[in-house]
$ cat entry-v3.tsv   # TSV, C-alpha atoms
chain	number	residue	atom	x	y	z
G	1	MET	CA	9.17	-19.29	-32.08
G	2	PHE	CA	9.59	-18.11	-28.48
G	3	GLU	CA	12.37	-15.54	-28.65
G	4	ASN	CA	11.91	-13.83	-25.29
G	5	VAL	CA	11.27	-16.26	-22.45
G	6	VAL	CA	11.65	-14.03	-19.41
G	7	GLY	CA	12.08	-15.33	-15.88
G	8	LEU	CA	11.09	-13.51	-12.69
G	9	VAL	CA	11.79	-14.50	-9.08
G	10	VAL	CA	8.90	-13.43	-6.85
G	11	GLU	CA	7.12	-13.88	-3.54
G	12	TYR	CA	4.08	-11.60	-4.00
G	13	ASN	CA	3.57	-11.29	-0.28
G	14	PRO	CA	1.39	-9.46	-1.20
G	15	PHE	CA	1.27	-8.44	-4.89
G	16	HIS	CA	1.47	-4.63	-5.06
G	17	ASN	CA	1.96	-1.79	-7.56
G	18	GLY	CA	5.74	-2.23	-7.54
G	19	HIS	CA	5.29	-5.78	-8.82
G	20	LEU	CA	2.98	-4.55	-11.56
G	21	HIS	CA	5.64	-1.98	-12.52
G	22	HIS	CA	8.13	-4.85	-12.82
G	23	ILE	CA	5.84	-6.69	-15.24
G	24	ASN	CA	5.14	-3.56	-17.28
G	25	GLU	CA	8.84	-2.79	-17.60
G	26	ILE	CA	9.49	-6.31	-18.91
G	27	ASN	CA	6.84	-5.73	-21.57
G	28	LYS	CA	8.63	-2.54	-22.60
G	29	LEU	CA	11.99	-4.28	-22.78
G	30	PHE	CA	10.88	-7.41	-24.62
G	31	GLN	CA	7.94	-7.56	-26.99
G	32	ASN	CA	6.11	-10.84	-27.68
G	33	ASN	CA	7.46	-12.32	-24.48
G	34	ILE	CA	6.58	-15.27	-22.28
G	35	LYS	CA	6.83	-14.31	-18.62
G	36	ILE	CA	7.56	-17.15	-16.20
G	37	ALA	CA	7.56	-16.44	-12.46
G	38	VAL	CA	9.09	-18.81	-9.95
G	39	MET	CA	7.17	-17.94	-6.79
G	40	SER	CA	7.62	-18.81	-3.13
G	41	GLY	CA	4.64	-20.87	-2.06
G	42	ASP	CA	3.12	-20.96	1.43
G	43	PHE	CA	6.33	-20.02	3.28
G	44	VAL	CA	8.71	-17.25	2.25
G	45	GLN	CA	12.36	-16.31	2.39
G	46	ARG	CA	12.42	-14.19	5.55
G	47	GLY	CA	11.15	-17.14	7.57
G	48	GLU	CA	7.45	-16.32	7.58
G	49	PRO	CA	4.23	-17.91	6.36
G	50	SER	CA	2.83	-16.21	3.28
G	51	LEU	CA	-0.03	-13.80	4.01
G	52	ILE	CA	-2.28	-15.75	1.66
G	53	ASN	CA	-1.83	-19.19	0.15
G	54	LYS	CA	-0.01	-20.03	-3.06
G	55	ILE	CA	-3.19	-20.81	-5.02
G	56	GLU	CA	-4.64	-17.35	-4.44
G	57	LYS	CA	-1.25	-15.79	-5.19
G	58	THR	CA	-1.12	-17.69	-8.47
G	59	LYS	CA	-4.54	-16.40	-9.49
G	60	ILE	CA	-3.42	-12.84	-8.78
G	61	ALA	CA	-0.16	-13.25	-10.70
G	62	LEU	CA	-1.90	-14.64	-13.78
G	63	SER	CA	-4.51	-11.88	-13.66
G	64	GLN	CA	-1.72	-9.29	-13.87
G	65	GLY	CA	-0.16	-10.62	-17.05
G	66	LEU	CA	2.15	-13.47	-16.12
G	67	ASP	CA	2.02	-16.53	-18.36
G	68	ILE	CA	3.36	-19.30	-16.13
G	69	VAL	CA	3.66	-19.49	-12.34
G	70	VAL	CA	5.86	-22.23	-10.94
G	71	GLU	CA	6.29	-22.97	-7.24
G	72	LEU	CA	9.61	-22.47	-5.52
G	73	PRO	CA	9.51	-25.44	-3.12
G	74	VAL	CA	9.77	-24.76	0.60
G	75	PHE	CA	13.26	-26.27	0.86
G	76	TYR	CA	14.41	-23.30	-1.27
G	77	SER	CA	11.86	-20.61	-0.44
G	78	THR	CA	12.72	-20.44	3.29
G	79	GLN	CA	16.50	-20.51	2.88
G	80	SER	CA	19.21	-17.87	2.97
G	81	ALA	CA	19.76	-15.76	-0.15
G	82	GLU	CA	22.28	-18.19	-1.67
G	83	LEU	CA	20.01	-21.24	-1.63
G	84	PHE	CA	16.87	-19.23	-2.36
G	85	ALA	CA	18.52	-17.85	-5.50
G	86	ARG	CA	19.93	-21.24	-6.50
G	87	GLY	CA	16.53	-22.91	-6.34
G	88	ALA	CA	14.87	-20.10	-8.27
G	89	ILE	CA	17.48	-19.83	-11.02
G	90	GLY	CA	17.76	-23.59	-11.37
G	91	THR	CA	13.99	-23.81	-11.82
G	92	LEU	CA	13.90	-21.08	-14.49
G	93	ASP	CA	16.81	-22.78	-16.26
G	94	LYS	CA	14.84	-26.05	-16.45
G	95	LEU	CA	12.00	-24.12	-18.12
G	96	PHE	CA	14.43	-22.81	-20.77
G	97	CYS	CA	14.14	-19.16	-19.89
G	98	ASN	CA	16.66	-17.11	-21.83
G	99	LYS	CA	16.35	-13.88	-19.87
G	100	LEU	CA	16.15	-12.98	-16.18
G	101	VAL	CA	14.81	-9.59	-15.08
G	102	PHE	CA	15.09	-8.59	-11.43
G	103	GLY	CA	14.65	-5.38	-9.50
G	104	SER	CA	17.76	-3.62	-8.27
G	105	GLU	CA	18.50	-0.40	-6.43
G	106	ASN	CA	21.77	-0.10	-8.36
G	107	ASN	CA	20.25	-0.96	-11.77
G	108	ASP	CA	23.67	-1.54	-13.36
G	109	ILE	CA	24.13	-5.16	-14.38
G	110	GLN	CA	27.75	-4.66	-15.41
G	111	LYS	CA	28.61	-3.16	-12.03
G	112	LEU	CA	26.86	-6.04	-10.25
G	113	MET	CA	28.84	-8.55	-12.32
G	114	ALA	CA	32.08	-6.78	-11.40
G	115	ILE	CA	31.11	-6.79	-7.72
G	116	LYS	CA	30.27	-10.50	-7.95
G	117	TYR	CA	33.81	-11.27	-9.10
G	118	GLU	CA	35.22	-9.07	-6.34
G	119	THR	CA	33.15	-10.75	-3.63
G	120	ASP	CA	34.22	-14.17	-4.90
G	121	SER	CA	37.87	-13.31	-4.26
G	122	LYS	CA	39.92	-14.80	-1.41
G	123	GLU	CA	40.61	-11.31	-0.06
G	124	PHE	CA	36.92	-10.57	0.31
G	125	GLN	CA	36.26	-13.91	2.00
G	126	GLU	CA	39.03	-13.12	4.50
G	127	LYS	CA	37.30	-9.84	5.32
G	128	ILE	CA	34.10	-11.73	6.08
G	129	LYS	CA	35.95	-14.19	8.32
G	130	SER	CA	37.47	-11.34	10.33
G	131	PHE	CA	34.03	-9.83	10.96
G	132	LEU	CA	32.62	-13.23	11.92
G	133	LYS	CA	35.38	-13.58	14.51
G	134	GLU	CA	34.18	-10.32	16.01
G	135	GLY	CA	30.83	-11.98	16.68
G	136	LEU	CA	28.82	-10.57	13.78
G	137	SER	CA	26.23	-12.66	11.96
G	138	TYR	CA	27.10	-13.65	8.38
G	139	PRO	CA	24.68	-11.12	6.77
G	140	ASN	CA	26.13	-8.33	8.92
G	141	ALA	CA	29.68	-9.48	8.22
G	142	PHE	CA	28.93	-9.52	4.50
G	143	SER	CA	27.37	-6.05	4.70
G	144	ASN	CA	30.40	-4.68	6.56
G	145	ALA	CA	32.73	-6.18	3.98
G	146	ILE	CA	30.94	-4.43	1.11
G	147	ASN	CA	29.94	-1.25	2.93
G	148	ASN	CA	31.95	0.89	0.54
G	149	LEU	CA	30.08	-0.53	-2.45
G	150	ASN	CA	26.71	1.00	-1.48
G	151	LEU	CA	24.69	-2.16	-2.09
G	152	LYS	CA	21.18	-2.63	-0.75
G	153	SER	CA	18.98	-5.70	-0.25
G	154	ASN	CA	17.91	-6.25	-3.86
G	155	ASP	CA	21.42	-5.68	-5.16
G	156	ILE	CA	22.75	-8.31	-2.76
G	157	LEU	CA	20.08	-10.80	-3.81
G	158	GLY	CA	20.94	-9.95	-7.43
G	159	LEU	CA	24.54	-11.00	-6.75
G	160	GLU	CA	23.24	-14.41	-5.66
G	161	TYR	CA	21.21	-14.70	-8.88
G	162	LEU	CA	24.40	-14.05	-10.84
G	163	ARG	CA	26.30	-16.66	-8.81
G	164	SER	CA	23.51	-19.17	-9.40
G	165	LEU	CA	23.63	-18.56	-13.14
G	166	ASP	CA	27.32	-19.47	-12.98
G	167	PHE	CA	26.61	-22.50	-10.76
G	168	PHE	CA	24.23	-24.01	-13.33
G	169	ASN	CA	26.32	-22.80	-16.28
G	170	SER	CA	23.07	-21.25	-17.46
G	171	LYS	CA	22.55	-19.49	-20.78
G	172	ILE	CA	20.03	-17.12	-19.17
G	173	VAL	CA	21.03	-13.48	-19.73
G	174	PRO	CA	20.43	-11.23	-16.66
G	175	TYR	CA	18.85	-7.77	-16.83
G	176	THR	CA	17.87	-5.35	-14.08
G	177	ILE	CA	15.18	-2.75	-13.71
G	178	LYS	CA	15.43	0.02	-11.16
G	179	ARG	CA	13.54	-0.51	-7.94
G	180	GLU	CA	11.30	2.54	-7.94
G	181	LYS	CA	11.23	5.12	-5.13
G	182	VAL	CA	10.79	2.83	-2.12
G	183	GLY	CA	13.17	0.45	-0.42
G	184	TYR	CA	12.26	-2.71	1.46
G	185	TYR	CA	11.59	-0.92	4.74
G	186	ASP	CA	10.27	2.36	3.32
G	187	GLY	CA	6.73	3.66	3.65
G	188	GLU	CA	4.30	4.81	1.03
G	189	ILE	CA	5.40	7.13	-1.82
G	190	ASP	CA	3.15	7.98	-4.80
G	191	ASN	CA	1.00	4.83	-4.52
G	192	LEU	CA	4.10	2.64	-4.23
G	193	ALA	CA	5.08	0.83	-1.05
G	194	SER	CA	7.14	-2.20	-0.18
G	195	ALA	CA	5.55	-5.52	0.72
G	196	SER	CA	7.11	-5.13	4.18
G	197	TYR	CA	5.27	-1.83	4.73
G	198	ILE	CA	1.96	-3.35	3.58
G	199	ARG	CA	2.39	-6.35	5.89
G	200	LYS	CA	3.26	-4.12	8.83
G	201	THR	CA	0.14	-2.04	8.17
G	202	LEU	CA	-2.04	-5.13	7.89
G	203	PHE	CA	-0.84	-6.57	11.18
G	204	SER	CA	-1.53	-3.28	12.90
G	205	PHE	CA	-5.20	-4.20	12.43
G	206	PHE	CA	-4.83	-7.14	14.82
G	207	SER	CA	-6.06	-6.64	18.35
G	208	GLU	CA	-4.30	-8.06	21.41
G	209	ASP	CA	-6.32	-11.26	21.36
G	210	ASN	CA	-5.55	-11.87	17.67
G	211	ASN	CA	-9.06	-11.06	16.47
G	212	ILE	CA	-9.07	-8.93	13.36
G	213	GLU	CA	-10.46	-5.46	13.70
G	214	ILE	CA	-11.49	-4.52	10.16
G	215	LYS	CA	-10.81	-0.82	10.12
G	216	GLU	CA	-11.41	1.91	7.62
G	217	GLU	CA	-7.63	2.17	7.26
G	218	LEU	CA	-7.69	-1.07	5.29
G	219	GLU	CA	-9.06	0.92	2.37
G	220	ASN	CA	-5.89	3.03	2.42
G	221	LEU	CA	-4.01	0.01	1.08
G	222	LYS	CA	-6.26	-0.11	-1.96
G	223	LYS	CA	-4.23	2.49	-3.84
G	224	LEU	CA	-1.02	0.54	-3.25
G	225	MET	CA	-2.19	-2.62	-5.01
G	226	PRO	CA	-3.96	-3.70	-8.21
G	227	ILE	CA	-7.67	-3.98	-7.48
G	228	TYR	CA	-7.88	-7.77	-7.80
G	229	SER	CA	-4.91	-8.26	-5.45
G	230	PHE	CA	-6.52	-5.95	-2.90
G	231	GLU	CA	-9.89	-7.71	-3.14
G	232	VAL	CA	-8.31	-11.14	-2.58
G	233	LEU	CA	-6.39	-9.82	0.42
G	234	LYS	CA	-9.52	-8.19	1.83
G	235	GLU	CA	-11.53	-11.38	1.32
G	236	ASN	CA	-8.88	-13.37	3.21
G	237	ILE	CA	-8.20	-10.77	5.91
G	238	GLU	CA	-9.32	-13.06	8.72
G	239	LYS	CA	-6.98	-15.79	7.50
G	240	ILE	CA	-3.77	-13.84	6.98
G	241	LEU	CA	-0.87	-15.40	8.82
G	242	ASP	CA	2.29	-14.43	10.63
G	243	LEU	CA	4.83	-16.59	12.40
G	244	LYS	CA	3.28	-16.18	15.86
G	245	LYS	CA	0.12	-17.96	14.65
G	246	PHE	CA	2.24	-21.14	14.52
G	247	TYR	CA	3.83	-20.63	17.93
G	248	ASP	CA	1.88	-23.44	19.59
G	249	ILE	CA	2.98	-25.96	16.95
G	250	ILE	CA	6.57	-24.69	17.04
G	251	LYS	CA	6.66	-25.14	20.84
G	252	TYR	CA	5.30	-28.68	20.47
G	253	LYS	CA	8.00	-29.48	17.91
G	254	ILE	CA	10.74	-28.04	20.13
G	255	LEU	CA	9.62	-30.12	23.11
G	256	THR	CA	9.05	-33.39	21.25
G	257	ASP	CA	11.95	-33.19	18.76
G	258	PHE	CA	14.64	-31.71	20.99
G	259	ASP	CA	17.19	-34.41	20.15
G	260	SER	CA	16.98	-33.53	16.44
G	261	LEU	CA	17.01	-29.73	16.83
G	262	LYS	CA	20.78	-29.63	16.33
G	263	ASP	CA	20.23	-30.97	12.79
G	264	ILE	CA	17.74	-28.29	11.79
G	265	GLN	CA	18.87	-26.14	8.85
G	266	ASP	CA	20.58	-22.88	9.96
G	267	MET	CA	20.78	-24.01	13.61
G	268	GLU	CA	23.98	-22.74	15.24
G	269	VAL	CA	25.89	-24.92	17.69
G	270	GLY	CA	24.31	-24.61	21.14
G	271	LEU	CA	21.39	-22.47	20.00
G	272	GLU	CA	19.05	-25.46	20.29
G	273	ASN	CA	19.64	-25.46	24.07
G	274	ARG	CA	18.74	-21.78	24.33
G	275	ILE	CA	15.59	-22.32	22.26
G	276	TYR	CA	14.56	-25.32	24.38
G	277	LYS	CA	15.16	-23.47	27.66
G	278	CYS	CA	13.08	-20.47	26.53
G	279	CYS	CA	10.35	-22.79	25.28
G	280	LEU	CA	9.92	-24.20	28.79
G	281	GLU	CA	9.14	-20.75	30.15
G	282	ASN	CA	5.62	-19.38	30.01
G	283	LEU	CA	6.39	-16.69	27.44
G	284	SER	CA	4.36	-15.02	24.73
G	285	PHE	CA	5.73	-15.43	21.22
G	286	ASP	CA	7.29	-11.95	21.24
G	287	GLU	CA	8.91	-12.56	24.64
G	288	PHE	CA	10.19	-15.96	23.49
G	289	PHE	CA	11.55	-14.56	20.23
G	290	ASN	CA	13.33	-11.61	21.83
G	291	LYS	CA	14.84	-13.79	24.55
G	292	VAL	CA	16.25	-16.26	21.99
G	293	LEU	CA	17.57	-13.48	19.74
G	294	THR	CA	21.30	-12.84	20.09
G	295	LYS	CA	23.83	-10.40	18.64
G	296	ARG	CA	24.96	-13.01	16.11
G	297	LEU	CA	21.43	-13.68	14.86
G	298	THR	CA	19.48	-11.45	12.52
G	299	VAL	CA	15.71	-11.41	12.94
G	300	SER	CA	15.28	-13.08	9.54
G	301	ARG	CA	17.71	-15.86	10.41
G	302	LEU	CA	15.94	-16.66	13.67
G	303	GLN	CA	12.60	-16.63	11.88
G	304	ARG	CA	13.99	-19.08	9.32
G	305	ILE	CA	15.25	-21.35	12.10
G	306	LEU	CA	11.79	-21.39	13.71
G	307	ILE	CA	10.12	-22.08	10.36
G	308	HIS	CA	12.58	-24.92	9.79
G	309	ILE	CA	11.72	-26.34	13.22
G	310	LEU	CA	8.02	-26.10	12.34
G	311	LEU	CA	8.56	-27.91	9.03
G	312	LYS	CA	11.40	-30.17	10.22
G	313	LEU	CA	13.57	-28.88	7.42
G	314	ASP	CA	16.97	-30.25	8.34
G	315	LYS	CA	20.49	-30.09	6.96
G	316	ASN	CA	20.05	-33.44	5.24
G	317	ILE	CA	17.17	-32.16	3.10
G	318	THR	CA	19.19	-29.05	2.24
G	319	GLU	CA	22.18	-31.10	1.12
G	320	ARG	CA	19.92	-33.19	-1.12
G	321	VAL	CA	18.63	-30.15	-3.04
G	322	LYS	CA	21.79	-28.03	-3.31
G	323	LYS	CA	23.10	-29.46	-6.56
G	324	ASP	CA	20.02	-30.07	-8.67
G	325	ILE	CA	16.33	-29.15	-8.85
G	326	PRO	CA	14.29	-32.29	-8.05
G	327	PHE	CA	11.09	-31.21	-9.86
G	328	VAL	CA	9.34	-28.22	-11.42
G	329	LYS	CA	5.77	-27.81	-10.18
G	330	ILE	CA	3.60	-25.61	-12.40
G	331	LEU	CA	0.92	-23.85	-10.36
G	332	GLY	CA	-0.86	-22.10	-13.22
G	333	PHE	CA	-0.65	-20.70	-16.73
G	334	SER	CA	-2.39	-18.51	-19.28
G	335	GLN	CA	-3.33	-19.58	-22.79
G	336	LYS	CA	0.01	-18.27	-24.03
G	337	GLY	CA	1.76	-20.08	-21.20
G	338	GLN	CA	0.04	-23.31	-22.16
G	339	GLU	CA	1.26	-22.90	-25.73
G	340	TYR	CA	4.81	-22.58	-24.44
G	341	LEU	CA	4.47	-25.66	-22.23
G	342	ASN	CA	3.10	-27.62	-25.18
G	343	TYR	CA	6.12	-26.45	-27.17
G	344	LEU	CA	8.42	-27.84	-24.47
G	345	LYS	CA	6.50	-31.12	-24.51
G	346	LYS	CA	7.32	-31.54	-28.17
G	347	LYS	CA	10.99	-31.16	-27.29
G	348	ASP	CA	10.58	-33.99	-24.77
G	349	VAL	CA	12.06	-31.96	-21.91
G	350	TYR	CA	9.05	-32.48	-19.66
G	351	LYS	CA	10.27	-35.88	-18.61
G	352	ASN	CA	13.96	-35.00	-18.39
G	353	ASN	CA	13.38	-31.83	-16.37
G	354	LYS	CA	10.60	-33.33	-14.23
G	355	ILE	CA	8.05	-30.65	-15.17
G	356	LEU	CA	4.76	-31.35	-13.38
G	357	THR	CA	1.38	-29.83	-14.26
G	358	SER	CA	-0.64	-32.20	-12.09
G	359	ASN	CA	-0.21	-35.00	-9.53
G	360	ARG	CA	-1.04	-37.68	-12.08
G	361	ASN	CA	1.64	-40.25	-12.90
G	362	ILE	CA	4.11	-38.62	-10.52
G	363	LYS	CA	5.53	-41.98	-9.47
G	364	GLU	CA	6.40	-42.67	-13.10
G	365	ILE	CA	8.10	-39.31	-13.53
G	366	LEU	CA	10.01	-38.86	-10.26
G	367	SER	CA	12.61	-41.09	-8.68
G	368	ASP	CA	11.99	-42.35	-5.15
G	369	GLU	CA	14.20	-39.59	-3.74
G	370	GLU	CA	12.48	-36.89	-5.80
G	371	LEU	CA	9.08	-38.22	-4.81
G	372	LYS	CA	10.00	-37.93	-1.12
G	373	LEU	CA	10.94	-34.28	-1.65
G	374	PHE	CA	7.71	-33.62	-3.56
G	375	GLU	CA	5.66	-35.21	-0.76
G	376	TYR	CA	7.62	-33.23	1.83
G	377	ASN	CA	6.73	-29.98	0.04
G	378	GLU	CA	3.07	-31.01	-0.04
G	379	MET	CA	3.18	-31.84	3.67
G	380	CYS	CA	4.47	-28.34	4.43
G	381	SER	CA	1.47	-26.88	2.64
G	382	ASN	CA	-0.73	-29.12	4.78
G	383	ILE	CA	0.89	-27.61	7.89
G	384	TYR	CA	0.13	-24.15	6.50
G	385	GLN	CA	-3.49	-25.19	6.06
G	386	ILE	CA	-3.82	-26.00	9.76
G	387	LYS	CA	-3.92	-22.26	10.37
G	388	SER	CA	-5.36	-21.03	7.06
G	389	SER	CA	-7.35	-23.50	5.00
G	390	TYR	CA	-7.39	-23.21	1.22
G	391	LYS	CA	-10.64	-22.69	-0.63
G	392	SER	CA	-9.16	-24.86	-3.34
G	393	ILE	CA	-5.91	-26.79	-3.53
G	394	SER	CA	-6.34	-28.05	-7.09
G	395	TYR	CA	-3.79	-27.01	-9.69
G	396	PRO	CA	-2.87	-25.88	-12.27
G	397	ILE	CA	-4.84	-22.65	-12.37
G	398	ILE	CA	-5.69	-21.91	-16.01
G	399	ILE	CA	-6.86	-18.56	-17.36
G	400	ASP	CA	-7.86	-17.66	-20.91
G	401	LYS	CA	-6.43	-14.13	-20.80
G	402	GLU	CA	-3.81	-13.49	-23.49
$ encode --input "entry-v3.tsv" --output "structure tokens"
Amino acid sequence: MFENVVGLVVEYNPFHNGHLHHINEINKLFQNNIKIAVMSGDFVQRGEPSLINKIEKTKIALSQGLDIVVELPVFYSTQSAELFARGAIGTLDKLFCNKLVFGSENNDIQKLMAIKYETDSKEFQEKIKSFLKEGLSYPNAFSNAINNLNLKSNDILGLEYLRSLDFFNSKIVPYTIKREKVGYYDGEIDNLASASYIRKTLFSFFSEDNNIEIKEELENLKKLMPIYSFEVLKENIEKILDLKKFYDIIKYKILTDFDSLKDIQDMEVGLENRIYKCCLENLSFDEFFNKVLTKRLTVSRLQRILIHILLKLDKNITERVKKDIPFVKILGFSQKGQEYLNYLKKKDVYKNNKILTSNRNIKEILSDEELKLFEYNEMCSNIYQIKSSYKSISYPIIIDKE
């Protein structure tokens, strides 16, 4: 009945023309498909708050042809590539996807599979260890170890998807589509631009005192995004967030929770002392961040550490979610998506796979441990709302569009 159930791993921060290209290419590859996106919610993988909240992102995603949007909980969405991929793939597996389509600079799935086996070897791991001993961060050590393989950011994330498929012994078949024209840090080319470029442009509209100066240049982004995505972003322009907006709360957490900083996920031994010392100084966020930053730390890793301090995401929580996905929270669906979910209900996998389409009867569905993780994820969204309140936090979002 549902031959092509296609999974996507997305952040949509923000949704742009490259994302629409991804969806269109899936439609070319697989006719009569169901497209299920597992999407980072209010906090994203590079250790930042999402520009706009997960409810608005869900509405945009459904408007552009996706059938089901499911939240990637914060204890996966803000992690390194390995755990980010594991949470995403495990979630898609619980929704019985049979295909995974991800963007790749390389666009050669067989080559990526071969590289995965190579990077899993003991010899490769020894190379990484030697670079780590030289004082490099793990991402830089990994990059140095594979520098002759010409892999870029999406290829490397693709390797983690492949490893996660193996981890869950999943029957999902991976496919790639070529990342078109622009890389993660590239500028605008032929109405395509990376999300990073769009975010950088947006934040250039901020004045020194953090008031938004709505400039004519904002309209220049219009051609880089589907119209509805642009209109939502424009409507929420005064609410868009970056990490420095949470600096006051982060400082409070550092000062009041110092004894538990060493247990924060991704915290390196002794780094908590450096963070605490810099927190005591009267520094702006940028001064604080640059003073904490070291040769061993990438910018993304330090951002993740600060997000984990903000959310009190510790190593204990991470250990609890490494092996299995505690729940699957559906944020929204189309009519076709609803038909697929009803199909799964008939197979009685809703209960076994902890698929949630509302907050009703959660205590009957989730174990005590799973419920704590669900409530933790909801609390993190409440922290997000301190700085950018939702217009609506009800879910699921339902659209009638086929």
$ residues_around --input "entry-v3.tsv" --residues "G:Ser130" --least-positions-apart "4" --cutoff "12 Å" --atoms "only C-alpha atoms" --output "tab-separated table (two decimals) with C-alpha atoms, in the coordinates of the input"
chain	number	residue	atom	x	y	z
G	123	GLU	CA	40.61	-11.31	-0.06
G	124	PHE	CA	36.92	-10.57	0.31
G	125	GLN	CA	36.26	-13.91	2.00
G	126	GLU	CA	39.03	-13.12	4.50
G	134	GLU	CA	34.18	-10.32	16.01
G	135	GLY	CA	30.83	-11.98	16.68
G	136	LEU	CA	28.82	-10.57	13.78
G	137	SER	CA	26.23	-12.66	11.96
G	138	TYR	CA	27.10	-13.65	8.38
G	140	ASN	CA	26.13	-8.33	8.92
G	141	ALA	CA	29.68	-9.48	8.22
G	142	PHE	CA	28.93	-9.52	4.50
G	144	ASN	CA	30.40	-4.68	6.56
G	145	ALA	CA	32.73	-6.18	3.98
$ closest_residue --input "entry-v3.tsv" --among "G:Glu219, G:Asp263, G:Asp108, G:Asp257" --to "G:Glu319" --atoms "only C-alpha atoms"
G:Asp263
$ atom_distance --input "entry-v3.tsv" --atom1 "atom CA of G:Lys245" --atom2 "atom CA of G:Lys223"
27.9 Å
$ closest_residue --input "entry-v3.tsv" --among "G:Glu370, G:Asp314, G:Asp248, G:Glu364" --to "G:Ser284" --atoms "all atoms listed in the file"
G:Asp248
$ residues_around --input "entry-v3.tsv" --residues "stretch 174-177 of chain G" --least-positions-apart "6" --cutoff "8 Å" --atoms "only C-alpha atoms" --output "JSON, numbers by chain"
{"G": [22, 25, 99, 100, 101, 102, 103, 104, 107, 108, 109, 162]}
$ closest_residue --input "entry-v3.tsv" --among "G:Leu165, G:Val349, G:Met267, G:Ile397" --to "G:Ile309" --atoms "all atoms listed in the file"
G:Met267
$ residues_around --input "entry-v3.tsv" --residues "stretch 358-360 of chain G" --least-positions-apart "3" --cutoff "12 Å" --atoms "all atoms listed in the file" --output "PyMOL selection string"
chain G and resi 70+327-332+354-355+363-366+371+374-375+378+393-397
$ atom_distance --input "entry-v3.tsv" --atom1 "atom CA of G:Ile317" --atom2 "atom CA of G:Pro14"
28.0 Å
$ residues_near_point --input "entry-v3.tsv" --point "(13.9, -19.3, -13.8)" --cutoff "12 Å" --atoms "only C-alpha atoms" --output "PyMOL selection string"
chain G and resi 5-10+34-39+68-72+84-102+161+164-165+168+170-174+325+328
$ atom_distance --input "entry-v3.tsv" --atom1 "atom CA of G:Ser50" --atom2 "atom CA of G:Lys152"
23.2 Å
$ closest_residue --input "entry-v3.tsv" --among "G:Val321, G:Ser388, G:Gly18, G:Arg296" --to "G:Glu369" --atoms "all atoms listed in the file"
G:Val321
$ build_atoms --input "entry-v3.tsv" --residues "stretch 236-249 of chain G" --atoms "N, CA and C atoms" --output "PDB file, in the frame of the given file"
ATOM      1  N   ASN G 236      -9.574 -12.409   2.346  1.00  0.00           N
ATOM      2  CA  ASN G 236      -8.880 -13.370   3.210  1.00  0.00           C
ATOM      3  C   ASN G 236      -8.325 -12.726   4.479  1.00  0.00           C
ATOM      4  N   ILE G 237      -8.798 -11.528   4.822  1.00  0.00           N
ATOM      5  CA  ILE G 237      -8.200 -10.770   5.910  1.00  0.00           C
ATOM      6  C   ILE G 237      -8.229 -11.523   7.234  1.00  0.00           C
ATOM      7  N   GLU G 238      -9.246 -12.329   7.468  1.00  0.00           N
ATOM      8  CA  GLU G 238      -9.320 -13.060   8.720  1.00  0.00           C
ATOM      9  C   GLU G 238      -8.439 -14.303   8.738  1.00  0.00           C
ATOM     10  N   LYS G 239      -7.823 -14.602   7.591  1.00  0.00           N
ATOM     11  CA  LYS G 239      -6.980 -15.790   7.500  1.00  0.00           C
ATOM     12  C   LYS G 239      -5.498 -15.455   7.360  1.00  0.00           C
ATOM     13  N   ILE G 240      -5.168 -14.162   7.215  1.00  0.00           N
ATOM     14  CA  ILE G 240      -3.770 -13.840   6.980  1.00  0.00           C
ATOM     15  C   ILE G 240      -2.920 -14.292   8.155  1.00  0.00           C
ATOM     16  N   LEU G 241      -1.706 -14.732   7.842  1.00  0.00           N
ATOM     17  CA  LEU G 241      -0.870 -15.400   8.820  1.00  0.00           C
ATOM     18  C   LEU G 241       0.422 -14.640   9.084  1.00  0.00           C
ATOM     19  N   ASP G 242       0.914 -14.770  10.316  1.00  0.00           N
ATOM     20  CA  ASP G 242       2.290 -14.430  10.630  1.00  0.00           C
ATOM     21  C   ASP G 242       2.873 -15.579  11.447  1.00  0.00           C
ATOM     22  N   LEU G 243       4.138 -15.479  11.753  1.00  0.00           N
ATOM     23  CA  LEU G 243       4.830 -16.590  12.400  1.00  0.00           C
ATOM     24  C   LEU G 243       4.239 -16.933  13.764  1.00  0.00           C
ATOM     25  N   LYS G 244       3.773 -15.918  14.506  1.00  0.00           N
ATOM     26  CA  LYS G 244       3.280 -16.180  15.860  1.00  0.00           C
ATOM     27  C   LYS G 244       2.021 -17.042  15.863  1.00  0.00           C
ATOM     28  N   LYS G 245       1.303 -17.099  14.728  1.00  0.00           N
ATOM     29  CA  LYS G 245       0.120 -17.960  14.650  1.00  0.00           C
ATOM     30  C   LYS G 245       0.506 -19.443  14.774  1.00  0.00           C
ATOM     31  N   PHE G 246       1.770 -19.760  14.465  1.00  0.00           N
ATOM     32  CA  PHE G 246       2.240 -21.140  14.520  1.00  0.00           C
ATOM     33  C   PHE G 246       3.017 -21.437  15.803  1.00  0.00           C
ATOM     34  N   TYR G 247       3.007 -20.497  16.731  1.00  0.00           N
ATOM     35  CA  TYR G 247       3.830 -20.630  17.930  1.00  0.00           C
ATOM     36  C   TYR G 247       3.514 -21.897  18.721  1.00  0.00           C
ATOM     37  N   ASP G 248       2.234 -22.246  18.825  1.00  0.00           N
ATOM     38  CA  ASP G 248       1.880 -23.440  19.590  1.00  0.00           C
ATOM     39  C   ASP G 248       2.465 -24.702  18.955  1.00  0.00           C
ATOM     40  N   ILE G 249       2.429 -24.783  17.633  1.00  0.00           N
ATOM     41  CA  ILE G 249       2.980 -25.960  16.950  1.00  0.00           C
ATOM     42  C   ILE G 249       4.501 -25.965  17.054  1.00  0.00           C
TER      43      ILE G 249
END
